[in-house]
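Structure file structure.pdb (PDB, C-alpha atoms) is printed below.
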ATOM      1  CA  MET A   1     -27.789  78.527  89.365  1.00  0.00           C
ATOM      2  CA  SER A   2     -24.310  79.889  89.999  1.00  0.00           C
ATOM      3  CA  ALA A   3     -23.066  76.356  90.709  1.00  0.00           C
ATOM      4  CA  LEU A   4     -24.252  75.229  87.279  1.00  0.00           C
ATOM      5  CA  THR A   5     -22.534  78.116  85.513  1.00  0.00           C
ATOM      6  CA  ARG A   6     -19.270  77.106  87.164  1.00  0.00           C
ATOM      7  CA  LEU A   7     -19.634  73.543  85.768  1.00  0.00           C
ATOM      8  CA  VAL A   8     -20.229  74.635  82.149  1.00  0.00           C
ATOM      9  CA  PRO A   9     -16.511  74.932  81.221  1.00  0.00           C
ATOM     10  CA  PHE A  10     -15.877  71.407  82.557  1.00  0.00           C
ATOM     11  CA  ALA A  11     -18.793  70.092  80.521  1.00  0.00           C
ATOM     12  CA  ARG A  12     -17.407  71.714  77.364  1.00  0.00           C
ATOM     13  CA  VAL A  13     -13.952  70.200  77.890  1.00  0.00           C
ATOM     14  CA  GLY A  14     -15.470  66.809  78.680  1.00  0.00           C
ATOM     15  CA  GLY A  15     -17.624  66.992  75.570  1.00  0.00           C
ATOM     16  CA  ARG A  16     -14.624  67.805  73.369  1.00  0.00           C
ATOM     17  CA  LEU A  17     -12.639  64.929  74.840  1.00  0.00           C
ATOM     18  CA  PHE A  18     -15.526  62.515  74.348  1.00  0.00           C
ATOM     19  CA  ARG A  19     -16.086  63.590  70.736  1.00  0.00           C
ATOM     20  CA  GLY A  20     -12.354  63.303  70.027  1.00  0.00           C
ATOM     21  CA  CYS A  21     -12.171  59.746  71.379  1.00  0.00           C
ATOM     22  CA  CYS A  22     -15.211  58.647  69.422  1.00  0.00           C
ATOM     23  CA  ALA A  23     -13.920  60.227  66.205  1.00  0.00           C
ATOM     24  CA  ARG A  24     -10.550  58.487  66.563  1.00  0.00           C
ATOM     25  CA  ALA A  25     -12.212  55.172  67.369  1.00  0.00           C
ATOM     26  CA  ALA A  26     -14.468  55.496  64.335  1.00  0.00           C
ATOM     27  CA  GLY A  27     -11.495  56.153  62.061  1.00  0.00           C
ATOM     28  CA  GLY A  28     -12.177  59.819  61.359  1.00  0.00           C
ATOM     29  CA  GLY A  29     -10.390  62.997  62.195  1.00  0.00           C
ATOM     30  CA  GLY A  30      -6.840  61.978  61.321  1.00  0.00           C
ATOM     31  CA  VAL A  31      -4.330  61.525  58.546  1.00  0.00           C
ATOM     32  CA  ARG A  32      -3.602  57.951  57.555  1.00  0.00           C
ATOM     33  CA  HIS A  33       0.055  57.160  57.001  1.00  0.00           C
ATOM     34  CA  ALA A  34       0.333  53.973  54.972  1.00  0.00           C
ATOM     35  CA  GLY A  35       4.073  53.597  55.116  1.00  0.00           C
ATOM     36  CA  GLY A  36       5.013  55.573  52.034  1.00  0.00           C
ATOM     37  CA  GLY A  37       2.445  54.433  49.498  1.00  0.00           C
ATOM     38  CA  ALA A  38       1.439  51.131  47.992  1.00  0.00           C
ATOM     39  CA  HIS A  39       4.002  48.352  48.181  1.00  0.00           C
ATOM     40  CA  ALA A  40       3.136  46.860  44.804  1.00  0.00           C
ATOM     41  CA  ARG A  41       2.405  49.223  41.964  1.00  0.00           C
ATOM     42  CA  PRO A  42      -0.934  48.356  40.333  1.00  0.00           C
ATOM     43  CA  ARG A  43      -0.681  47.413  36.675  1.00  0.00           C
ATOM     44  CA  TYR A  44      -3.519  46.650  34.324  1.00  0.00           C
ATOM     45  CA  ARG A  45      -3.780  42.906  33.625  1.00  0.00           C
ATOM     46  CA  GLU A  46      -0.296  42.143  34.870  1.00  0.00           C
ATOM     47  CA  CYS A  47       0.823  40.279  37.951  1.00  0.00           C
ATOM     48  CA  PRO A  48       3.127  42.196  40.256  1.00  0.00           C
ATOM     49  CA  GLN A  49       6.721  41.066  39.960  1.00  0.00           C
ATOM     50  CA  PRO A  50       8.171  40.018  43.337  1.00  0.00           C
ATOM     51  CA  THR A  51      11.455  41.540  44.340  1.00  0.00           C
ATOM     52  CA  ARG A  52      14.548  39.416  44.898  1.00  0.00           C
ATOM     53  CA  TYR A  53      14.141  39.812  48.662  1.00  0.00           C
ATOM     54  CA  GLU A  54      10.542  38.544  48.505  1.00  0.00           C
ATOM     55  CA  VAL A  55      11.553  35.502  46.445  1.00  0.00           C
ATOM     56  CA  ILE A  56      14.377  34.593  48.834  1.00  0.00           C
ATOM     57  CA  ARG A  57      12.140  35.124  51.858  1.00  0.00           C
ATOM     58  CA  ALA A  58       9.432  32.907  50.332  1.00  0.00           C
ATOM     59  CA  GLU A  59      11.959  30.159  49.588  1.00  0.00           C
ATOM     60  CA  VAL A  60      13.404  30.262  53.105  1.00  0.00           C
ATOM     61  CA  LEU A  61       9.968  30.188  54.751  1.00  0.00           C
ATOM     62  CA  SER A  62       8.734  27.336  52.562  1.00  0.00           C
ATOM     63  CA  ALA A  63      11.930  25.354  53.202  1.00  0.00           C
ATOM     64  CA  ALA A  64      11.490  25.864  56.946  1.00  0.00           C
ATOM     65  CA  MET A  65       7.858  24.774  56.703  1.00  0.00           C
ATOM     66  CA  TRP A  66       8.683  21.550  54.814  1.00  0.00           C
ATOM     67  CA  PHE A  67      11.601  20.839  57.145  1.00  0.00           C
ATOM     68  CA  TRP A  68       9.262  21.118  60.129  1.00  0.00           C
ATOM     69  CA  ILE A  69       6.577  18.910  58.519  1.00  0.00           C
ATOM     70  CA  LEU A  70       9.034  16.190  57.485  1.00  0.00           C
ATOM     71  CA  TRP A  71      10.927  16.378  60.793  1.00  0.00           C
ATOM     72  CA  ARG A  72       7.715  15.919  62.778  1.00  0.00           C
ATOM     73  CA  PHE A  73       6.587  13.100  60.476  1.00  0.00           C
ATOM     74  CA  TRP A  74       9.920  11.308  60.854  1.00  0.00           C
ATOM     75  CA  HIS A  75      10.037  11.623  64.635  1.00  0.00           C
ATOM     76  CA  ASP A  76       6.316  11.300  65.417  1.00  0.00           C
ATOM     77  CA  SER A  77       4.746   9.402  62.522  1.00  0.00           C
ATOM     78  CA  ASP A  78       2.217   7.774  64.855  1.00  0.00           C
ATOM     79  CA  ALA A  79       0.347  11.086  64.909  1.00  0.00           C
ATOM     80  CA  VAL A  80      -0.421  10.594  61.190  1.00  0.00           C
ATOM     81  CA  LEU A  81      -0.404   6.823  60.753  1.00  0.00           C
ATOM     82  CA  GLY A  82      -1.934   5.818  64.091  1.00  0.00           C
ATOM     83  CA  HIS A  83      -0.594   4.136  67.196  1.00  0.00           C
ATOM     84  CA  PHE A  84      -1.520   0.553  66.297  1.00  0.00           C
ATOM     85  CA  SER A  85      -0.320  -1.773  63.583  1.00  0.00           C
ATOM     86  CA  TYR A  86      -2.574  -1.969  60.568  1.00  0.00           C
ATOM     87  CA  PRO A  87      -4.488  -5.280  60.361  1.00  0.00           C
ATOM     88  CA  ASP A  88      -3.745  -7.661  57.503  1.00  0.00           C
ATOM     89  CA  PRO A  89      -6.806  -7.679  55.206  1.00  0.00           C
ATOM     90  CA  SER A  90      -5.951 -11.154  53.880  1.00  0.00           C
ATOM     91  CA  GLN A  91      -6.721 -12.575  57.348  1.00  0.00           C
ATOM     92  CA  TRP A  92     -10.297 -11.231  57.414  1.00  0.00           C
ATOM     93  CA  THR A  93     -13.112 -13.725  56.897  1.00  0.00           C
ATOM     94  CA  ASP A  94     -16.067 -13.246  54.556  1.00  0.00           C
ATOM     95  CA  GLU A  95     -18.354 -13.085  57.579  1.00  0.00           C
ATOM     96  CA  GLU A  96     -16.364 -10.213  59.059  1.00  0.00           C
ATOM     97  CA  LEU A  97     -16.560  -8.393  55.719  1.00  0.00           C
ATOM     98  CA  GLY A  98     -20.314  -9.025  55.398  1.00  0.00           C
ATOM     99  CA  ILE A  99     -20.029 -11.231  52.304  1.00  0.00           C
ATOM    100  CA  LEU A 100     -22.686 -13.919  51.945  1.00  0.00           C
ATOM    101  CA  PRO A 101     -21.566 -17.534  51.382  1.00  0.00           C
ATOM    102  CA  ASP A 102     -21.433 -18.734  47.764  1.00  0.00           C
ATOM    103  CA  ASP A 103     -23.783 -21.711  48.273  1.00  0.00           C
ATOM    104  CA  GLU A 104     -26.596 -19.541  49.666  1.00  0.00           C
ATOM    105  CA  ASP A 105     -29.052 -18.430  46.947  1.00  0.00           C
TER     106      ASP A 105
END
Target format structure tokens, applied to this file:
Amino acid sequence: MSALTRLVPFARVGGRLFRGCCARAAGGGGVRHAGGGAHARPRYRECPQPTRYEVIRAEVLSAAMWFWILWRFWHDSDAVLGHFSYPDPSQWTDEELGILPDDED
């Protein structure tokens, strides 16, 4: 019995550590710091007005995106259009298209 009484303090410390880890993992037991409040102030029935920095950043990112799309299309258009030349539809016969002959009724 004396061996068990010596282990009780270790069990208490272990229990506290276990409860603390579970509480932190579950999202409880702490203060949430959200970076100084909301970034866009909520307004009733109004869209938030972007700042000048956000507008410039959006323009730069969209320009980079379109540059990348057009650059890749220019240099590797086969990825979109295919690797083979497109067949000329005027050379196809009615049989190939599944059209019945005119004289057959």
Between atom CA of A:Leu70 and atom CA of A:Tyr86, what distance in Å does the model show, to one decimal?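 Taking atom CA of A:Leu70 and atom CA of A:Tyr86, their separation equals 21.8 Å.
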Between atom CA of A:Gln49 and atom CA of A:Trp68, what distance in Å does the model show, to one decimal?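 Separating atom CA of A:Gln49 from atom CA of A:Trp68 is a distance of 28.5 Å.
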So for stretch 91-104 of chain A, what box centre and size do we get, axis-aligned, 8 Å extra on each of the six sides, every listed atom, Å to one decimal, as JSON?
{"center_x": -16.7, "center_y": -15.1, "center_z": 53.4, "size_x": 35.9, "size_y": 29.3, "size_z": 27.3}
note - atom CA of A:Glu54 and atom CA of A:Pro42 are separated by 17.2 Å
Is it possible to add all heavy atoms to stretch 69-80 of chain A and hand it back as a CSV table (one decimal), in the coordinates of the input?
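Writing done, so here's part_11.csv:
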chain,number,residue,atom,x,y,z
A,69,ILE,N,7.6,20.0,58.8
A,69,ILE,CA,6.6,18.9,58.5
A,69,ILE,C,7.3,17.6,58.4
A,69,ILE,O,6.8,16.6,59.0
A,69,ILE,CB,5.8,19.2,57.2
A,69,ILE,CG1,4.9,20.4,57.5
A,69,ILE,CG2,5.0,18.0,56.8
A,69,ILE,CD1,4.2,20.9,56.2
A,70,LEU,N,8.3,17.5,57.7
A,70,LEU,CA,9.0,16.2,57.5
A,70,LEU,C,9.7,15.8,58.8
A,70,LEU,O,9.8,14.6,59.1
A,70,LEU,CB,10.0,16.3,56.3
A,70,LEU,CG,9.3,16.5,55.0
A,70,LEU,CD1,10.4,16.7,53.9
A,70,LEU,CD2,8.4,15.3,54.6
A,71,TRP,N,10.3,16.7,59.5
A,71,TRP,CA,10.9,16.4,60.8
A,71,TRP,C,9.9,15.8,61.8
A,71,TRP,O,10.2,14.8,62.4
A,71,TRP,CB,11.6,17.6,61.4
A,71,TRP,CG,12.2,17.4,62.7
A,71,TRP,CD1,11.6,17.6,63.9
A,71,TRP,CD2,13.5,17.0,63.0
A,71,TRP,NE1,12.5,17.3,64.9
A,71,TRP,CE2,13.7,17.0,64.4
A,71,TRP,CE3,14.6,16.8,62.2
A,71,TRP,CZ2,14.9,16.6,65.0
A,71,TRP,CZ3,15.8,16.4,62.8
A,71,TRP,CH2,15.9,16.4,64.2
A,72,ARG,N,8.7,16.4,61.9
A,72,ARG,CA,7.7,15.9,62.8
A,72,ARG,C,7.2,14.6,62.3
A,72,ARG,O,6.9,13.7,63.1
A,72,ARG,CB,6.6,16.9,62.9
A,72,ARG,CG,6.9,18.2,63.5
A,72,ARG,CD,7.4,18.1,65.0
A,72,ARG,NE,6.4,17.5,65.8
A,72,ARG,CZ,6.6,16.9,67.0
A,72,ARG,NH1,7.8,16.9,67.5
A,72,ARG,NH2,5.7,16.4,67.7
A,73,PHE,N,7.1,14.4,61.0
A,73,PHE,CA,6.6,13.1,60.5
A,73,PHE,C,7.6,12.0,60.8
A,73,PHE,O,7.2,10.9,61.1
A,73,PHE,CB,6.3,13.2,59.0
A,73,PHE,CG,5.7,11.9,58.4
A,73,PHE,CD1,4.4,11.6,58.6
A,73,PHE,CD2,6.5,11.1,57.7
A,73,PHE,CE1,3.9,10.4,58.1
A,73,PHE,CE2,6.0,9.9,57.2
A,73,PHE,CZ,4.7,9.6,57.4
A,74,TRP,N,8.9,12.3,60.6
A,74,TRP,CA,9.9,11.3,60.9
A,74,TRP,C,10.0,10.9,62.3
A,74,TRP,O,10.1,9.7,62.7
A,74,TRP,CB,11.3,11.8,60.4
A,74,TRP,CG,12.4,10.9,60.6
A,74,TRP,CD1,13.3,10.8,61.6
A,74,TRP,CD2,12.7,9.8,59.7
A,74,TRP,NE1,14.2,9.8,61.5
A,74,TRP,CE2,13.9,9.1,60.3
A,74,TRP,CE3,12.2,9.3,58.5
A,74,TRP,CZ2,14.5,8.0,59.7
A,74,TRP,CZ3,12.8,8.2,57.9
A,74,TRP,CH2,13.9,7.6,58.5
A,75,HIS,N,9.9,11.9,63.2
A,75,HIS,CA,10.0,11.6,64.6
A,75,HIS,C,8.7,11.3,65.4
A,75,HIS,O,8.8,10.8,66.5
A,75,HIS,CB,10.7,12.8,65.3
A,75,HIS,CG,12.1,12.9,64.9
A,75,HIS,ND1,13.1,12.2,65.5
A,75,HIS,CD2,12.8,13.7,64.0
A,75,HIS,CE1,14.3,12.5,65.0
A,75,HIS,NE2,14.1,13.4,64.1
A,76,ASP,N,7.6,11.6,64.8
A,76,ASP,CA,6.3,11.3,65.4
A,76,ASP,C,5.3,10.9,64.4
A,76,ASP,O,4.2,11.4,64.2
A,76,ASP,CB,5.8,12.5,66.2
A,76,ASP,CG,4.7,12.2,67.1
A,76,ASP,OD1,4.5,11.0,67.5
A,76,ASP,OD2,3.9,13.1,67.5
A,77,SER,N,5.6,9.8,63.6
A,77,SER,CA,4.7,9.4,62.5
A,77,SER,C,3.5,8.8,63.0
A,77,SER,O,2.5,8.7,62.3
A,77,SER,CB,5.5,8.4,61.6
A,77,SER,OG,5.9,7.3,62.3
A,78,ASP,N,3.4,8.4,64.3
A,78,ASP,CA,2.2,7.8,64.9
A,78,ASP,C,1.1,8.8,64.9
A,78,ASP,O,-0.1,8.4,64.9
A,78,ASP,CB,2.5,7.3,66.3
A,78,ASP,CG,3.3,6.0,66.3
A,78,ASP,OD1,3.4,5.4,65.2
A,78,ASP,OD2,3.9,5.7,67.4
A,79,ALA,N,1.4,10.1,64.9
A,79,ALA,CA,0.3,11.1,64.9
A,79,ALA,C,-0.4,11.1,63.6
A,79,ALA,O,-1.6,11.4,63.5
A,79,ALA,CB,0.9,12.5,65.1
A,80,VAL,N,0.2,10.6,62.5
A,80,VAL,CA,-0.4,10.6,61.2
A,80,VAL,C,-0.9,9.2,60.9
A,80,VAL,O,-2.0,9.0,60.4
A,80,VAL,CB,0.6,11.1,60.1
A,80,VAL,CG1,-0.1,10.9,58.7
A,80,VAL,CG2,1.0,12.5,60.3
